[in-house]
Structures are given as structure tokens and as C-alpha cells.
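Let me begin by presenting the structure, written as C-alpha cells, before commenting on it.
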Amino acid sequence: PVDAPARRRMRQRWSFVLVDEFQDTDPVQWQILDRAFSGHATMVLIGDPKQSIYAFRGGDVQTYLAAAGTAGPARATLARNWRTDAPLVQALQVVLHDLALGSPEIRVRPVASALPGTRLAGAPSAAPLRLRVVRRDDLRAGPGELIPIARAREFIARDLAADVAQLLAA
């Protein structure tokens, strides 16, 4: 924890605090930021709430929501995706439309792509989004048998690697 003299020094030094990738902030990090700067500095938190569900990266849904609750009415959402091709963005909008992720307050919102076409010209599959089906016999599992997670992970890793290799070779 940050002691009072350290908080005073930080507040004197920084009147504006920008926290990028905030969705990866854990409860202790948020507690430090909150105690040090809330009410004493302009704090801008930039993050994708949909990614706060990934605990393996340090994300914590409740921490994200608690921090977002301190923002007041000053919130902004990006309505344009600058990295993903339009056909994939459109397909994901169909599959994920208004889905709640980790909390009813974290919803998949409409977004458009800034990239008009596809960059996967010549790919083995023209589909922007594909759902893969794994059958029980692919995993050497009989009817009603529980599939060990290690076996499933191994199969998925091999299948994905083969699919990516095919794409890169195209």
C-alpha cells in the first residue's frame, strides 16, 4: 500500500493520470490508483471491458466495474474497429450481438469496421468466420465418456496449427 507522504508526492507530481489497458488491472493495482488519485487528479481509464473477463491476464470483472463506476457520466465507446476486416466484424456482430460477458453491464456493442474488404485473398476458405466441430471419435472418446481436458487441448492445438499452416501456405 502507498503511504500518505507517497500519495502527496504522487498527487503533486501528476495532475493527469492515463491508465491504458485498464481491463488488465487487478484489485490491488486499482486500490493504489484510486487512493492515490481519485478526487485529486484527472484519471482516464482506457480499456476494453469485454477483455476484463480474462483472469489469466490479471483482469478482474468486479475491479473493472468498480473503477468504471467512479467515472460518472464521462464515458466513451469506440464504434469503429480499425484492425479487423469488415466481413469478420459483421459476422461477429451476428454471433455476439448484445451478449453479456462476465456481467450484465459488459455487453457486446455494435461496431463497424474501418476496413472495407478482406485481406485474406487466396485463403483456403473465403468465410470470414468459421466454427469448427470436434467429434468425440476425433478425441478417442466413446459415448458418455468424459473427455480429459489435456486431450482436448492437444487436439485443438494440433488442429489450429494445421489450419494456420494451410492459411500461411496459401
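Residue numbering restarts at 1 in every chain; chains get A, B, ... in the order shown in the C-alpha cells, and ligands count up from 1 in that same order.
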
Pick out the residues sitting within 8 Å of stretch 36-43 of chain A, and hand them over as a list of chain:residue names; count only C-alpha atoms, and ignore anything fewer than 2 positions along from it in its own chain.
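Residues near the query, excluding close chain neighbours: A:Val2, A:Arg7, A:Arg8, A:Met10, A:Arg11, A:Trp14, A:Ser15, A:Phe16, A:Val17, A:Leu18, A:Val19, A:Ile32, A:Leu33, A:Asp34, A:Leu45.
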
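Atom CA of A:Phe22 sits 18.5 Å away from atom CA of A:Asn81.
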
I'd like the neighbourhood of stretch 108-114 of chain A as a list in words, where a residue qualifies if any of its atoms comes within 7 Å (using only C-alpha atoms), though same-chain residues fewer than 5 positions away should be ignored.
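The residues that qualify are Ala79, Arg80, Asn81, Trp82, Thr84, Asp85, Ala86, Val89, Gln93, Leu96, His97, Asp98, Leu99 and Ala100 of chain A.
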
Selection file, N, CA, C and O atoms, as a PDB file, in the first residue's frame:
ATOM      1  N   ALA A  79     -16.832   3.102 -31.688  1.00  0.00           N
ATOM      2  CA  ALA A  79     -17.818   2.463 -32.559  1.00  0.00           C
ATOM      3  C   ALA A  79     -17.192   1.939 -33.845  1.00  0.00           C
ATOM      4  O   ALA A  79     -17.883   1.401 -34.692  1.00  0.00           O
ATOM      5  N   ARG A  80     -15.872   2.111 -33.975  1.00  0.00           N
ATOM      6  CA  ARG A  80     -15.192   1.680 -35.196  1.00  0.00           C
ATOM      7  C   ARG A  80     -13.990   0.819 -34.817  1.00  0.00           C
ATOM      8  O   ARG A  80     -13.201   1.181 -33.971  1.00  0.00           O
ATOM      9  N   ASN A  81     -13.867  -0.317 -35.481  1.00  0.00           N
ATOM     10  CA  ASN A  81     -12.742  -1.225 -35.304  1.00  0.00           C
ATOM     11  C   ASN A  81     -11.745  -0.915 -36.413  1.00  0.00           C
ATOM     12  O   ASN A  81     -12.084  -1.005 -37.584  1.00  0.00           O
ATOM     13  N   TRP A  82     -10.523  -0.570 -36.047  1.00  0.00           N
ATOM     14  CA  TRP A  82      -9.515  -0.154 -37.018  1.00  0.00           C
ATOM     15  C   TRP A  82      -8.575  -1.291 -37.419  1.00  0.00           C
ATOM     16  O   TRP A  82      -7.650  -1.077 -38.198  1.00  0.00           O
ATOM     17  N   THR A  84      -9.755  -4.922 -37.842  1.00  0.00           N
ATOM     18  CA  THR A  84     -10.381  -6.151 -38.317  1.00  0.00           C
ATOM     19  C   THR A  84     -11.187  -5.907 -39.587  1.00  0.00           C
ATOM     20  O   THR A  84     -11.891  -4.909 -39.701  1.00  0.00           O
ATOM     21  N   ASP A  85     -11.068  -6.820 -40.526  1.00  0.00           N
ATOM     22  CA  ASP A  85     -11.789  -6.714 -41.793  1.00  0.00           C
ATOM     23  C   ASP A  85     -13.300  -6.685 -41.568  1.00  0.00           C
ATOM     24  O   ASP A  85     -13.821  -7.365 -40.679  1.00  0.00           O
ATOM     25  N   ALA A  86     -13.987  -5.918 -42.428  1.00  0.00           N
ATOM     26  CA  ALA A  86     -15.438  -5.746 -42.303  1.00  0.00           C
ATOM     27  C   ALA A  86     -16.215  -7.062 -42.298  1.00  0.00           C
ATOM     28  O   ALA A  86     -17.114  -7.232 -41.473  1.00  0.00           O
ATOM     29  N   VAL A  89     -15.938  -8.536 -38.784  1.00  0.00           N
ATOM     30  CA  VAL A  89     -16.658  -7.715 -37.799  1.00  0.00           C
ATOM     31  C   VAL A  89     -18.159  -7.962 -37.921  1.00  0.00           C
ATOM     32  O   VAL A  89     -18.851  -8.153 -36.925  1.00  0.00           O
ATOM     33  N   GLN A  93     -20.649  -9.642 -35.140  1.00  0.00           N
ATOM     34  CA  GLN A  93     -21.811  -8.903 -34.646  1.00  0.00           C
ATOM     35  C   GLN A  93     -23.052  -9.801 -34.643  1.00  0.00           C
ATOM     36  O   GLN A  93     -23.878  -9.727 -33.743  1.00  0.00           O
ATOM     37  N   LEU A  96     -22.369 -12.427 -31.665  1.00  0.00           N
ATOM     38  CA  LEU A  96     -22.207 -11.892 -30.319  1.00  0.00           C
ATOM     39  C   LEU A  96     -23.134 -10.730 -29.976  1.00  0.00           C
ATOM     40  O   LEU A  96     -23.042 -10.185 -28.870  1.00  0.00           O
ATOM     41  N   HIS A  97     -24.021 -10.338 -30.862  1.00  0.00           N
ATOM     42  CA  HIS A  97     -24.873  -9.166 -30.677  1.00  0.00           C
ATOM     43  C   HIS A  97     -25.466  -9.087 -29.270  1.00  0.00           C
ATOM     44  O   HIS A  97     -26.151 -10.002 -28.819  1.00  0.00           O
ATOM     45  N   ASP A  98     -25.147  -8.014 -28.569  1.00  0.00           N
ATOM     46  CA  ASP A  98     -25.702  -7.681 -27.257  1.00  0.00           C
ATOM     47  C   ASP A  98     -25.460  -8.746 -26.181  1.00  0.00           C
ATOM     48  O   ASP A  98     -26.141  -8.795 -25.173  1.00  0.00           O
ATOM     49  N   LEU A  99     -24.475  -9.585 -26.397  1.00  0.00           N
ATOM     50  CA  LEU A  99     -24.134 -10.620 -25.422  1.00  0.00           C
ATOM     51  C   LEU A  99     -23.513  -9.987 -24.182  1.00  0.00           C
ATOM     52  O   LEU A  99     -22.727  -9.048 -24.286  1.00  0.00           O
ATOM     53  N   ALA A 100     -23.871 -10.474 -23.006  1.00  0.00           N
ATOM     54  CA  ALA A 100     -23.265 -10.019 -21.754  1.00  0.00           C
ATOM     55  C   ALA A 100     -22.074 -10.927 -21.457  1.00  0.00           C
ATOM     56  O   ALA A 100     -22.191 -12.148 -21.498  1.00  0.00           O
TER      57      ALA A 100
END

Ranking A:Ile46, A:Val28, A:Leu167, A:Val134 by minimum distance to A:Arg151 and counting only C-alpha atoms, which one comes first?
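The closest residue to A:Arg151 is A:Val134.
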
Quick one: of A:Val94, A:Val61, A:Ala127, A:Ala4, who's nearest to A:Arg35, counting only C-alpha atoms?
A:Ala4

If you measure from atom CA of A:Pro87 to atom CA of A:Arg132, what distance in Å do you get, rounded to one decimal?
18.2 Å

Identify, with DSSP run on backbone atoms, the residues in stretch 25-55 of chain A assigned to helix (DSSP H, G or I), and express the list as a tab-separated table (two decimals) with C-alpha atoms, in the first residue's frame.
chain	number	residue	atom	x	y	z
A	27	PRO	CA	-7.82	-5.23	-7.32
A	28	VAL	CA	-4.56	-4.15	-5.61
A	29	GLN	CA	-3.48	-2.00	-8.58
A	30	TRP	CA	-6.90	-0.31	-8.69
A	31	GLN	CA	-6.80	0.30	-4.93
A	32	ILE	CA	-3.43	2.08	-5.32
A	33	LEU	CA	-4.65	4.20	-8.25
A	34	ASP	CA	-7.94	5.00	-6.52
A	35	ARG	CA	-6.36	6.01	-3.21
A	36	ALA	CA	-3.59	7.98	-4.84
A	37	PHE	CA	-5.53	9.90	-7.48
A	49	PRO	CA	-14.45	-4.27	-20.56
A	50	LYS	CA	-15.03	-7.36	-22.69
A	51	GLN	CA	-11.41	-8.33	-22.02
A	52	SER	CA	-11.72	-7.93	-18.24
A	53	ILE	CA	-13.13	-11.45	-18.14
A	55	ALA	CA	-8.42	-13.52	-15.34

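Minimum atom-to-atom distances from A:Leu65, A:Ala121, A:Ala126, A:Leu131 to A:Glu105 were compared using only C-alpha atoms, and the lowest value belongs to A:Leu65.
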
For A:Arg140, the nearest of the candidates A:Phe155, A:Ala170, A:Leu88, A:Pro124, counting only C-alpha atoms
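With only C-alpha atoms as the atom set, the closest residue is A:Phe155.
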
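Within stretch 32-111 of chain A, the backbone-based DSSP assignment of strand (DSSP E or B) covers A:Thr42, A:Met43, A:Val44, A:Leu45, A:Arg80, A:Asn81, A:Trp82, A:Arg83, A:Thr84, A:Asp85, A:Ala100, A:Arg107.
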
From the set A:Ala66, A:Ala165, A:Leu120, A:Leu129, which residue has the shortest atom-to-atom contact distance to A:Val95, counting only C-alpha atoms?
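Smallest separation from A:Val95 among the options: A:Leu129.
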
Selection near A:Gly47, 7 Å with only C-alpha atoms, sequence-local residues under 4 positions removed, as a list in words:
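What passes the distance filter is Asp20, Glu21, Phe22 and Gln23 of chain A.
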
Which residue is closest to A:Gln62? Choose from A:Val44, A:Ser125, A:Arg75, A:Asp24 and count only C-alpha atoms.
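The answer is A:Asp24, which sits nearest to A:Gln62.
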
Figure out the distance between atom CA of A:Ser103 and atom CA of A:Thr63, please, to one decimal in Å.
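Interatomic distance, atom CA of A:Thr63 to atom CA of A:Ser103: 11.8 Å.
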